[in-house]
Amino acid sequence: YGDWSVRAALTQADMAEWMISGTYATRAPARHQYNLGVSYSAQRYDAGNPLVLNAASSNRSASEMFAFDTFTITPALAITYGSRLARYDYLDGPGLMSPRLEVAVTPAEHLRVSALLSERAQAPGAEEFLPPFDEGVWLPPQRLFSPLDPEGQLRAERTTHAAVQVERDVAGVTFALRAFHQHSDDQLVTLFGANVPGQPMSTLGHYFVANAGTSVATGCAASVRAALSTWLHGSVEYSLTDGQIT
């Protein structure tokens, strides 16, 4: 009825890290297709370099759990809903919630309409703790990060995304039109190789994070994709976006 997996990784060097994650997904076809998961990551810096210790905490951890369900109400109507909940010990406040709601409608054969509304909360340096999406070799990152402003406070980026898409199949070719709007608060910026007085350099395996204000983007896209043969697939997409940063 479903597939589950458990993955783990451990490294021991100047910075020790370990990660573990587990997932479960219901196999299709099913009226309810569940996608569940949980992960925990931790890192500890043992080298004792004073520049690094002055700029970044030597111990950090993060945990995340998610649950999504695709509910096929009728063959022509399906709803996907769920959320992610993440907790980073270096951020103040409660955990970061990232809900998602998507509705897919098939009003006629070879015609599909979908609408998406989601909110994503991303912590600075989150990529150091989240498990990778691919199935290749899993190696924990080996970098530390700190605020660009030593007196500054690390804040999560919060992005609201809304989109509508229409797809039409014609003689083995799929045409799609999509419109979207995105609003981000406390947009994250990552700086590598920055030489800041009194702060560690990038040669120490260190980088800086900061927040760059608010960004708003509205746009549309048109695409064409086709399966030219069993071993050759192709697609072309053109998008136009109007963005503002304040």
# chains A, B, ... in the order shown; residues from 1 in each chain; ligands from 1
$ residues_around --residues "Leu36 of chain A" --least-positions-apart "6" --cutoff "9 Å" --atoms "only C-alpha atoms" --output "PyMOL selection string"
chain A and resi 22-25+65-69
$ residues_around --residues "Arg100 of chain A" --least-positions-apart "2" --cutoff "9 Å" --atoms "only C-alpha atoms" --output "list in words"
Phe68, Thr80, Tyr81, Gly82, Ser83, Arg84, Ser98, Glu102, Leu116, Leu117, Ser118, Glu119 and Arg120 of chain A
$ write_last_selection --atoms "C-alpha atoms" --output "compact mmCIF listing (two decimals), in the first residue's frame"
# COMPACT_ATOMS: atom_id res chain seq x y z
CA PHE A 68 0.35 16.01 2.81
CA THR A 80 -3.86 18.35 -2.17
CA TYR A 81 -3.46 19.85 1.27
CA GLY A 82 -0.99 19.71 4.13
CA SER A 83 1.83 21.54 5.81
CA ARG A 84 5.44 21.47 6.95
CA SER A 98 4.52 26.12 5.61
CA GLU A 102 -3.87 22.84 -4.42
CA LEU A 116 -2.27 26.64 -5.95
CA LEU A 117 -2.00 28.67 -2.75
CA SER A 118 0.96 28.16 -0.43
CA GLU A 119 3.03 29.87 2.22
CA ARG A 120 6.66 28.93 2.79
$ closest_atom_pairs --of "segment 71-99 of chain A" --to "segment 146-157 of chain A" --cutoff "10 Å" --atoms "only C-alpha atoms" --output "Markdown table"
| residue | atom | partner | partner_atom | distance |
| --- | --- | --- | --- | --- |
| A:Tyr88 | CA | A:Ala156 | CA | 10.0 |
| A:Tyr90 | CA | A:Leu154 | CA | 7.8 |
| A:Leu91 | CA | A:Leu154 | CA | 6.4 |
| A:Asp92 | CA | A:Arg155 | CA | 8.2 |
| A:Gly93 | CA | A:Arg155 | CA | 10.0 |
| A:Leu96 | CA | A:Ala156 | CA | 8.1 |
$ write_last_selection --atoms "N, CA and C atoms" --output "compact mmCIF listing (two decimals), in the first residue's frame"
# COMPACT_ATOMS: atom_id res chain seq x y z
N TYR A 88 13.96 25.45 14.38
CA TYR A 88 15.40 25.72 14.37
C TYR A 88 15.75 26.36 15.71
N TYR A 90 18.16 28.10 16.65
CA TYR A 90 18.83 29.40 16.62
C TYR A 90 17.88 30.53 16.20
N LEU A 91 16.59 30.21 16.03
CA LEU A 91 15.59 31.23 15.73
C LEU A 91 14.66 31.42 16.92
N ASP A 92 14.31 32.65 17.19
CA ASP A 92 13.37 32.93 18.26
C ASP A 92 11.94 32.65 17.80
N GLY A 93 11.07 32.40 18.73
CA GLY A 93 9.67 32.22 18.41
C GLY A 93 9.31 30.77 18.17
N LEU A 96 8.31 27.09 12.35
CA LEU A 96 7.96 27.68 11.06
C LEU A 96 6.95 26.78 10.35
$ atom_distance --atom1 "atom CA of Thr72 of chain A" --atom2 "atom CA of Val164 of chain A"
19.0 Å
$ closest_residue --among "A:Leu101, A:Ala221, A:Gly125, A:Leu111" --to "Val170 of chain A" --atoms "only C-alpha atoms"
A:Leu111
$ select_by_dssp --residues "segment 7-214 of chain A" --states "alpha helix (DSSP H)" --output "PyMOL selection string"
chain A and resi 50-55
$ write_last_selection --atoms "C-alpha atoms" --output "compact mmCIF listing (two decimals), in the first residue's frame"
# COMPACT_ATOMS: atom_id res chain seq x y z
CA PRO A 50 37.95 32.11 18.01
CA LEU A 51 36.88 33.99 14.88
CA VAL A 52 34.27 31.40 14.05
CA LEU A 53 33.09 30.98 17.64
CA ASN A 54 32.66 34.74 18.03
CA ALA A 55 30.45 34.95 14.94
$ residues_around --residues "Gly95 of chain A" --least-positions-apart "5" --cutoff "9 Å" --atoms "only C-alpha atoms" --output "count of residues only"
4
$ select_by_dssp --residues "segment 35-196 of chain A" --states "strand (DSSP E or B)" --output "JSON, numbers by chain"
{"A": [35, 36, 37, 38, 39, 40, 41, 42, 43, 44, 45, 59, 60, 61, 62, 63, 64, 65, 66, 67, 68, 69, 70, 71, 72, 73, 74, 77, 78, 79, 80, 81, 82, 83, 84, 85, 86, 87, 88, 96, 97, 98, 99, 100, 101, 102, 103, 104, 105, 106, 107, 108, 111, 112, 113, 114, 115, 116, 117, 118, 119, 120, 121, 122, 144, 145, 146, 147, 157, 158, 159, 160, 161, 162, 163, 164, 165, 166, 167, 168, 169, 170, 173, 174, 175, 176, 177, 178, 179, 180, 181, 182, 183, 184, 185, 188, 189, 190, 191]}
$ residues_around --residues "Ser39 of chain A" --least-positions-apart "2" --cutoff "7 Å" --atoms "only C-alpha atoms" --output "CSV table (one decimal) with C-alpha atoms, in the first residue's frame"
chain,number,residue,atom,x,y,z
A,20,ILE,CA,18.4,11.3,10.1
A,21,SER,CA,15.1,11.3,8.1
A,22,GLY,CA,12.2,9.0,7.5
A,37,GLY,CA,8.0,12.5,6.8
A,41,SER,CA,19.8,17.4,12.1
A,63,SER,CA,13.9,19.3,13.1
A,64,GLU,CA,11.1,19.1,10.6
A,65,MET,CA,7.9,17.1,10.0
$ residues_around --residues "Trp18 of chain A" --least-positions-apart "4" --cutoff "9 Å" --atoms "only C-alpha atoms" --output "list in words"
Ala8, Ala9, Leu10, Thr11, Gln12, Tyr40, Ser41, Ala42, Gln43 and Pro140 of chain A
$ write_last_selection --atoms "N, CA and C atoms" --output "PDB file, in the first residue's frame"
ATOM      1  N   ALA A   8      20.218   8.141   6.904  1.00  0.00           N
ATOM      2  CA  ALA A   8      21.011   8.805   7.938  1.00  0.00           C
ATOM      3  C   ALA A   8      22.407   9.066   7.390  1.00  0.00           C
ATOM      4  N   ALA A   9      23.059  10.074   7.966  1.00  0.00           N
ATOM      5  CA  ALA A   9      24.429  10.420   7.577  1.00  0.00           C
ATOM      6  C   ALA A   9      25.139  11.024   8.771  1.00  0.00           C
ATOM      7  N   LEU A  10      26.457  10.787   8.846  1.00  0.00           N
ATOM      8  CA  LEU A  10      27.259  11.272   9.957  1.00  0.00           C
ATOM      9  C   LEU A  10      28.642  11.640   9.448  1.00  0.00           C
ATOM     10  N   THR A  11      29.138  12.807   9.857  1.00  0.00           N
ATOM     11  CA  THR A  11      30.495  13.218   9.532  1.00  0.00           C
ATOM     12  C   THR A  11      31.195  13.692  10.802  1.00  0.00           C
ATOM     13  N   GLN A  12      32.510  13.507  10.838  1.00  0.00           N
ATOM     14  CA  GLN A  12      33.295  13.936  11.988  1.00  0.00           C
ATOM     15  C   GLN A  12      34.580  14.590  11.478  1.00  0.00           C
ATOM     16  N   TYR A  40      15.654  15.111  11.511  1.00  0.00           N
ATOM     17  CA  TYR A  40      16.348  15.818  12.587  1.00  0.00           C
ATOM     18  C   TYR A  40      17.820  15.927  12.205  1.00  0.00           C
ATOM     19  N   SER A  41      18.395  17.114  12.414  1.00  0.00           N
ATOM     20  CA  SER A  41      19.797  17.361  12.077  1.00  0.00           C
ATOM     21  C   SER A  41      20.443  18.165  13.193  1.00  0.00           C
ATOM     22  N   ALA A  42      21.737  17.933  13.385  1.00  0.00           N
ATOM     23  CA  ALA A  42      22.484  18.673  14.402  1.00  0.00           C
ATOM     24  C   ALA A  42      23.922  18.839  13.935  1.00  0.00           C
ATOM     25  N   GLN A  43      24.553  19.934  14.334  1.00  0.00           N
ATOM     26  CA  GLN A  43      25.952  20.182  14.004  1.00  0.00           C
ATOM     27  C   GLN A  43      26.659  20.780  15.231  1.00  0.00           C
ATOM     28  N   PRO A 140      26.363  15.327   4.806  1.00  0.00           N
ATOM     29  CA  PRO A 140      25.979  16.566   5.504  1.00  0.00           C
ATOM     30  C   PRO A 140      26.892  17.711   5.115  1.00  0.00           C
TER      31      PRO A 140
END
$ decode --residues "segment 138-149 of chain A" --atoms "all heavy atoms" --output "PDB file, in the first residue's frame"
ATOM      1  N   TRP A 138      24.428  10.814   0.347  1.00  0.00           N
ATOM      2  CA  TRP A 138      23.972  11.867   1.248  1.00  0.00           C
ATOM      3  C   TRP A 138      25.124  12.261   2.154  1.00  0.00           C
ATOM      4  O   TRP A 138      25.549  11.491   3.013  1.00  0.00           O
ATOM      5  CB  TRP A 138      22.786  11.371   2.047  1.00  0.00           C
ATOM      6  CG  TRP A 138      22.120  12.423   2.870  1.00  0.00           C
ATOM      7  CD1 TRP A 138      22.314  13.765   2.811  1.00  0.00           C
ATOM      8  CD2 TRP A 138      21.141  12.210   3.878  1.00  0.00           C
ATOM      9  NE1 TRP A 138      21.508  14.406   3.720  1.00  0.00           N
ATOM     10  CE2 TRP A 138      20.784  13.487   4.381  1.00  0.00           C
ATOM     11  CE3 TRP A 138      20.524  11.082   4.391  1.00  0.00           C
ATOM     12  CZ2 TRP A 138      19.837  13.645   5.392  1.00  0.00           C
ATOM     13  CZ3 TRP A 138      19.580  11.238   5.386  1.00  0.00           C
ATOM     14  CH2 TRP A 138      19.226  12.509   5.881  1.00  0.00           C
ATOM     15  N   LEU A 139      25.649  13.476   1.978  1.00  0.00           N
ATOM     16  CA  LEU A 139      26.740  13.984   2.796  1.00  0.00           C
ATOM     17  C   LEU A 139      26.286  15.264   3.493  1.00  0.00           C
ATOM     18  O   LEU A 139      25.869  16.208   2.834  1.00  0.00           O
ATOM     19  CB  LEU A 139      27.976  14.282   1.942  1.00  0.00           C
ATOM     20  CG  LEU A 139      28.633  13.081   1.257  1.00  0.00           C
ATOM     21  CD1 LEU A 139      29.790  13.557   0.383  1.00  0.00           C
ATOM     22  CD2 LEU A 139      29.113  12.066   2.269  1.00  0.00           C
ATOM     23  N   PRO A 140      26.363  15.327   4.806  1.00  0.00           N
ATOM     24  CA  PRO A 140      25.979  16.566   5.504  1.00  0.00           C
ATOM     25  C   PRO A 140      26.892  17.711   5.115  1.00  0.00           C
ATOM     26  O   PRO A 140      28.082  17.521   4.856  1.00  0.00           O
ATOM     27  CB  PRO A 140      26.153  16.202   6.983  1.00  0.00           C
ATOM     28  CG  PRO A 140      26.112  14.713   7.029  1.00  0.00           C
ATOM     29  CD  PRO A 140      26.704  14.254   5.736  1.00  0.00           C
ATOM     30  N   PRO A 141      26.386  18.946   5.042  1.00  0.00           N
ATOM     31  CA  PRO A 141      27.218  20.105   4.723  1.00  0.00           C
ATOM     32  C   PRO A 141      28.292  20.317   5.783  1.00  0.00           C
ATOM     33  O   PRO A 141      28.173  19.868   6.921  1.00  0.00           O
ATOM     34  CB  PRO A 141      26.221  21.266   4.699  1.00  0.00           C
ATOM     35  CG  PRO A 141      24.879  20.625   4.528  1.00  0.00           C
ATOM     36  CD  PRO A 141      24.967  19.296   5.206  1.00  0.00           C
ATOM     37  N   GLN A 142      29.353  21.020   5.408  1.00  0.00           N
ATOM     38  CA  GLN A 142      30.473  21.266   6.299  1.00  0.00           C
ATOM     39  C   GLN A 142      30.781  22.753   6.385  1.00  0.00           C
ATOM     40  O   GLN A 142      31.918  23.184   6.228  1.00  0.00           O
ATOM     41  CB  GLN A 142      31.700  20.489   5.828  1.00  0.00           C
ATOM     42  CG  GLN A 142      31.639  19.007   6.110  1.00  0.00           C
ATOM     43  CD  GLN A 142      31.714  18.710   7.600  1.00  0.00           C
ATOM     44  OE1 GLN A 142      32.676  19.014   8.273  1.00  0.00           O
ATOM     45  NE2 GLN A 142      30.653  18.111   8.132  1.00  0.00           N
ATOM     46  N   ARG A 143      29.773  23.568   6.632  1.00  0.00           N
ATOM     47  CA  ARG A 143      29.966  25.018   6.746  1.00  0.00           C
ATOM     48  C   ARG A 143      29.188  25.559   7.937  1.00  0.00           C
ATOM     49  O   ARG A 143      28.156  25.011   8.323  1.00  0.00           O
ATOM     50  CB  ARG A 143      29.512  25.745   5.477  1.00  0.00           C
ATOM     51  CG  ARG A 143      30.485  25.625   4.304  1.00  0.00           C
ATOM     52  CD  ARG A 143      29.970  26.418   3.122  1.00  0.00           C
ATOM     53  NE  ARG A 143      30.899  26.416   2.006  1.00  0.00           N
ATOM     54  CZ  ARG A 143      31.856  27.314   1.818  1.00  0.00           C
ATOM     55  NH1 ARG A 143      32.016  28.289   2.687  1.00  0.00           N
ATOM     56  NH2 ARG A 143      32.644  27.254   0.775  1.00  0.00           N
ATOM     57  N   LEU A 144      29.679  26.658   8.472  1.00  0.00           N
ATOM     58  CA  LEU A 144      28.971  27.424   9.495  1.00  0.00           C
ATOM     59  C   LEU A 144      28.531  28.750   8.902  1.00  0.00           C
ATOM     60  O   LEU A 144      29.130  29.240   7.940  1.00  0.00           O
ATOM     61  CB  LEU A 144      29.878  27.674  10.700  1.00  0.00           C
ATOM     62  CG  LEU A 144      30.109  26.494  11.654  1.00  0.00           C
ATOM     63  CD1 LEU A 144      31.146  26.881  12.696  1.00  0.00           C
ATOM     64  CD2 LEU A 144      28.821  26.057  12.327  1.00  0.00           C
ATOM     65  N   PHE A 145      27.518  29.348   9.477  1.00  0.00           N
ATOM     66  CA  PHE A 145      27.013  30.629   8.986  1.00  0.00           C
ATOM     67  C   PHE A 145      26.676  31.514  10.178  1.00  0.00           C
ATOM     68  O   PHE A 145      26.460  31.033  11.298  1.00  0.00           O
ATOM     69  CB  PHE A 145      25.780  30.434   8.100  1.00  0.00           C
ATOM     70  CG  PHE A 145      24.648  29.734   8.799  1.00  0.00           C
ATOM     71  CD1 PHE A 145      23.667  30.458   9.463  1.00  0.00           C
ATOM     72  CD2 PHE A 145      24.561  28.352   8.798  1.00  0.00           C
ATOM     73  CE1 PHE A 145      22.632  29.819  10.115  1.00  0.00           C
ATOM     74  CE2 PHE A 145      23.523  27.694   9.452  1.00  0.00           C
ATOM     75  CZ  PHE A 145      22.554  28.441  10.108  1.00  0.00           C
ATOM     76  N   SER A 146      26.618  32.811   9.933  1.00  0.00           N
ATOM     77  CA  SER A 146      26.290  33.778  10.981  1.00  0.00           C
ATOM     78  C   SER A 146      25.688  35.008  10.339  1.00  0.00           C
ATOM     79  O   SER A 146      25.807  35.205   9.118  1.00  0.00           O
ATOM     80  CB  SER A 146      27.541  34.143  11.788  1.00  0.00           C
ATOM     81  OG  SER A 146      28.507  34.738  10.947  1.00  0.00           O
ATOM     82  N   PRO A 147      25.022  35.876  11.111  1.00  0.00           N
ATOM     83  CA  PRO A 147      24.445  37.097  10.536  1.00  0.00           C
ATOM     84  C   PRO A 147      25.534  38.022  10.006  1.00  0.00           C
ATOM     85  O   PRO A 147      26.608  38.140  10.601  1.00  0.00           O
ATOM     86  CB  PRO A 147      23.698  37.728  11.710  1.00  0.00           C
ATOM     87  CG  PRO A 147      23.533  36.641  12.714  1.00  0.00           C
ATOM     88  CD  PRO A 147      24.692  35.730  12.533  1.00  0.00           C
ATOM     89  N   LEU A 148      25.250  38.681   8.882  1.00  0.00           N
ATOM     90  CA  LEU A 148      26.194  39.662   8.344  1.00  0.00           C
ATOM     91  C   LEU A 148      26.413  40.791   9.342  1.00  0.00           C
ATOM     92  O   LEU A 148      27.532  41.283   9.493  1.00  0.00           O
ATOM     93  CB  LEU A 148      25.668  40.209   7.009  1.00  0.00           C
ATOM     94  CG  LEU A 148      26.549  41.233   6.302  1.00  0.00           C
ATOM     95  CD1 LEU A 148      27.895  40.624   5.919  1.00  0.00           C
ATOM     96  CD2 LEU A 148      25.837  41.780   5.065  1.00  0.00           C
ATOM     97  N   ASP A 149      25.350  41.193  10.013  1.00  0.00           N
ATOM     98  CA  ASP A 149      25.444  42.185  11.076  1.00  0.00           C
ATOM     99  C   ASP A 149      25.631  41.447  12.400  1.00  0.00           C
ATOM    100  O   ASP A 149      24.733  40.720  12.837  1.00  0.00           O
ATOM    101  CB  ASP A 149      24.181  43.041  11.120  1.00  0.00           C
ATOM    102  CG  ASP A 149      24.224  44.107  12.214  1.00  0.00           C
ATOM    103  OD1 ASP A 149      25.271  44.230  12.888  1.00  0.00           O
ATOM    104  OD2 ASP A 149      23.208  44.799  12.388  1.00  0.00           O
TER     105      ASP A 149
END
